[in-house]
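Heads up, the thing below is written out as structure tokens.
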2 protein chains.
Amino acid sequence: MSASPILSPLQLRQQIRLNQFTAHTSGQAPGFVQANLAIMPKQYAADFLQFCHFNPKPCPLLAMSATAGAVDMPQLAANLDIRTDIPKYRVFKQGQLTEEVSDITPFWQDDFVSFAIGCSFSFEEALIADGIEIRNITEQVNVPMYKTNIACQPAGVFSGNMVVSMRPMKPADAIRAIQICSRFPQVHGAPVHFADPAAIGITDINKPDFGDAVSIKAGEVPVFWACGVTPQVAIANAKLAICITHSPGYMLVTDLANSKLSLL
Amino acid sequence: MSASPILSPLQLRQQIRLNQFTAHTSGQAPGFVQANLAIMPKQYAADFLQFCHFNPKPCPLLAMSATAGAVDMPQLAANLDIRTDIPKYRVFKQGQLTEEVSDITPFWQDDFVSFAIGCSFSFEEALIADGIEIRNITEQVNVPMYKTNIACQPAGVFSGNMVVSMRPMKPADAIRAIQICSRFPQVHGAPVHFADPAAIGITDINKPDFGDAVSIKAGEVPVFWACGVTPQVAIANAKLAICITHSPGYMLVTDLANSKLSLL
């Protein structure tokens, strides 16, 4: 037996389209940007775009479809069909999750607008390359995420508090992580908080609202980043007639090199 | 009565030379780099230069005199006489402080080599410009400084642990401070630690080894920077026959704009 070959982003998307690849995308197509996805009717798109503009740390907009109904995003990915090229989607109706599917063609509307939002996978890769341990990767679980008391700036129908992801680190590593992540504002940038969880409204660090708990070792502090789940909360709050997102961890894999997002 | 005019660095140095200005230099010549000073016989200079090279965070070398006996540093300051243009000097013999004087001409030796090392005044100015409160400035005291258990890399006769300065901040301000200070490696750069003082060997945060204690408010963490007092400790440990430094807070005021030290 041999190890699986590393697929290019295009090869991976084509396997996903054919349902030959159905797993989460963490660790796939290393070196390339993966993105959060939000698809909604055009009538909400202007509000959502403004919500991203007002809240760039949790909602760093990488790209949106050029016209309503378009299924591609050529600036992010060649030969993309946004309806089939993500391994798992979530369909929300009136803010409630109703289905989880691998193909949204049956739900597609000619007025749908798609948004791709930066994802922490890019900065995790940069931190690991620098020798910093990422606990959720070491422990092979999803990153822990928490609802906070940090209010996003509302825009039209969209409002809600920020969701944050947490990675425990020794202070010296946290300082280095702040430096590295500051170069990547399009994938959430620098952390928004560290140390005391209660200061941002987190009551139990061992009970994340999304994802899995990770161990925090002696001498470490929790470090919190604005999280791409924030728009999902705002979307749920808005109770849109219909909205489609990726399923957490099952991302849009793009052709854009992570290094292209570095400011410096 | 009118406020004192703001003096240029050259005007200030000339007043210092004439003993018309005898105070500490904090807040003087705003916008210009101030430097720590170390003067020693040439026989120790190579070791000290290596100590700075090995320990750039506490000992970021801005300039050294071109030849033994030179009293100028034209790359830092016009018309400089290093013997008279600092308001207060400390003379150490065999590692012991023996005199504090405003003119070291009587002590001058033809084999003296002078070193100018970056100082936190530059990054404090950048932080204040960004709206971050610097507690020691608000409370009008000297910054608190602590001996740590972080060993410097020894070089020849020079060795010792790192001294750190401490400024309390809310985490969000600390994250911003890390970003700003990362642009200024020649004035100690990013912090080396935050939060638990015991992790770096500090037993009582309210009893600094140098400078003055400052209040730490609810929701703040202590943030620690490598400090320019570190070389003074290494110099004391080396028990040089003679060595001269500035007196803490009475710095060499240079003609170099702080902004020139920014990497970005």
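Ordered as shown in the structure tokens, chains take letters A, B, and onward, while each chain numbers its residues from 1 and ligands are numbered from 1 in the order shown.
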Can you pull out every residue within 7 Å of A:Ser247, counting only C-alpha atoms, but drop anything in the same chain fewer than 2 positions away, and send it as a ChimeraX atom specification? /A:88-90,245,249-250
Dump of C-alpha atoms for the selected residues, as a PDB file, in the first residue's frame:
```pdb
ATOM      1  CA  LYS A  88     -20.954  18.890   2.582  1.00  0.00           C
ATOM      2  CA  TYR A  89     -23.433  21.766   2.691  1.00  0.00           C
ATOM      3  CA  ARG A  90     -25.954  22.929   5.261  1.00  0.00           C
ATOM      4  CA  THR A 245     -23.467  27.314   3.933  1.00  0.00           C
ATOM      5  CA  GLY A 249     -14.717  21.645   8.332  1.00  0.00           C
ATOM      6  CA  TYR A 250     -15.986  20.822   4.824  1.00  0.00           C
TER       7      TYR A 250
END
```
Could you tell me which residues of chain B sit within 10 Å of chain A when counting only C-alpha atoms, and give me the result as a ChimeraX atom specification? /B:170-176,178-183,190-196,198-199,219-221,223,264
So that I have them on file, write out the residues from the current selection with C-alpha atoms, as a PDB file, in the first residue's frame.
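Wrote result.pdb, looks like this:
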```pdb
ATOM      1  CA  LYS B 170      -5.966  44.776  28.536  1.00  0.00           C
ATOM      2  CA  PRO B 171      -5.421  41.809  26.194  1.00  0.00           C
ATOM      3  CA  ALA B 172      -6.800  43.632  23.141  1.00  0.00           C
ATOM      4  CA  ASP B 173      -4.334  46.481  23.728  1.00  0.00           C
ATOM      5  CA  ALA B 174      -1.538  43.972  24.328  1.00  0.00           C
ATOM      6  CA  ILE B 175      -2.279  42.331  20.958  1.00  0.00           C
ATOM      7  CA  ARG B 176      -2.090  45.744  19.267  1.00  0.00           C
ATOM      8  CA  ILE B 178       2.675  43.322  19.956  1.00  0.00           C
ATOM      9  CA  GLN B 179       1.853  44.331  16.385  1.00  0.00           C
ATOM     10  CA  ILE B 180       3.261  47.826  16.768  1.00  0.00           C
ATOM     11  CA  CYS B 181       6.394  46.810  18.663  1.00  0.00           C
ATOM     12  CA  SER B 182       7.137  44.066  16.114  1.00  0.00           C
ATOM     13  CA  ARG B 183       7.874  46.871  13.662  1.00  0.00           C
ATOM     14  CA  ALA B 190       7.766  42.545  20.544  1.00  0.00           C
ATOM     15  CA  PRO B 191       7.256  41.598  24.200  1.00  0.00           C
ATOM     16  CA  VAL B 192       8.924  38.436  25.458  1.00  0.00           C
ATOM     17  CA  HIS B 193       6.136  37.365  27.852  1.00  0.00           C
ATOM     18  CA  PHE B 194       2.754  38.268  29.264  1.00  0.00           C
ATOM     19  CA  ALA B 195       0.480  37.125  32.085  1.00  0.00           C
ATOM     20  CA  ASP B 196       1.987  34.898  34.835  1.00  0.00           C
ATOM     21  CA  ALA B 198       6.264  33.522  38.038  1.00  0.00           C
ATOM     22  CA  ALA B 199       6.744  31.793  34.674  1.00  0.00           C
ATOM     23  CA  GLY B 219      -8.959  42.871  33.294  1.00  0.00           C
ATOM     24  CA  GLU B 220      -5.333  43.739  32.625  1.00  0.00           C
ATOM     25  CA  VAL B 221      -2.353  41.427  32.279  1.00  0.00           C
ATOM     26  CA  VAL B 223       3.147  42.509  29.502  1.00  0.00           C
ATOM     27  CA  LEU B 264       7.488  48.585   7.699  1.00  0.00           C
TER      28      LEU B 264
END
```
Considering only C-alpha atoms, return as JSON, numbers by chain whatever protein or nucleic-acid residues lie within 12 Å of A:Cys52, sequence-local ones (same chain, fewer than 2 positions apart) excluded. {"A": [38, 45, 46, 47, 48, 49, 50, 54, 55, 56, 57, 58, 59, 60, 61, 62, 63, 64, 115, 116, 117, 118, 152, 153, 154, 155, 156, 158, 159, 186, 188, 228, 230, 231, 232, 234, 235]}
With distances taken over only C-alpha atoms, which residue among B:Phe21, B:Trp225, B:Phe121, B:Phe32 lies nearest B:Leu76? B:Phe32
I want to know what sits within 8 Å of stretch 9-12 of chain B, based on only C-alpha atoms, with residues of the same chain fewer than 5 positions away left out; could you give that as a PyMOL selection string? chain B and resi 21+29+32+77-79+253-255
Just the strand (DSSP E) stuff from stretch 15-193 of chain A, please, per backbone DSSP, written as a PyMOL selection string. chain A and resi 32-41+61-64+89-93+96-101+112-118+145-151+161-169+193
The distance between atom CA of A:Arg83 and atom CA of A:Ile104 is 5.1 Å
Å distance separating atom CA of B:Met73 from atom CA of B:Gln15, one decimal place: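 These atoms are spaced 18.3 Å apart.
Neighbouring residues of A:Asn149 at 7 Å or closer, counting only C-alpha atoms and skipping chain neighbours under 6 positions away, are Asn161, Ile200 and Gly201 of chain A.
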Between A:Leu18, A:Ile244, A:Ala151, A:Met40, which one has atoms that come closest to A:Asp85, using only C-alpha atoms? A:Leu18
Name the closest residue to A:Ile132 among the candidates A:Pro106, A:Thr98, A:Gln20, A:Ala177; distances are taken between atoms, counting only C-alpha atoms. A:Ala177
Could you tell me how far atom CA of B:Lys93 lies from atom CA of B:Lys239, in Å and to one decimal?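 Atom CA of B:Lys239 lies at a distance of 7.1 Å from atom CA of B:Lys93.
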Got a sec to tell me which of stretch 47-93 of chain B DSSP assigns to alpha helix (DSSP H), as a list in words?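 Restricting stretch 47-93 of chain B to alpha helix (DSSP H) produces Asp47, Phe48, Leu49, Gln50, Phe51, Cys52, His53 and Phe54 of chain B.
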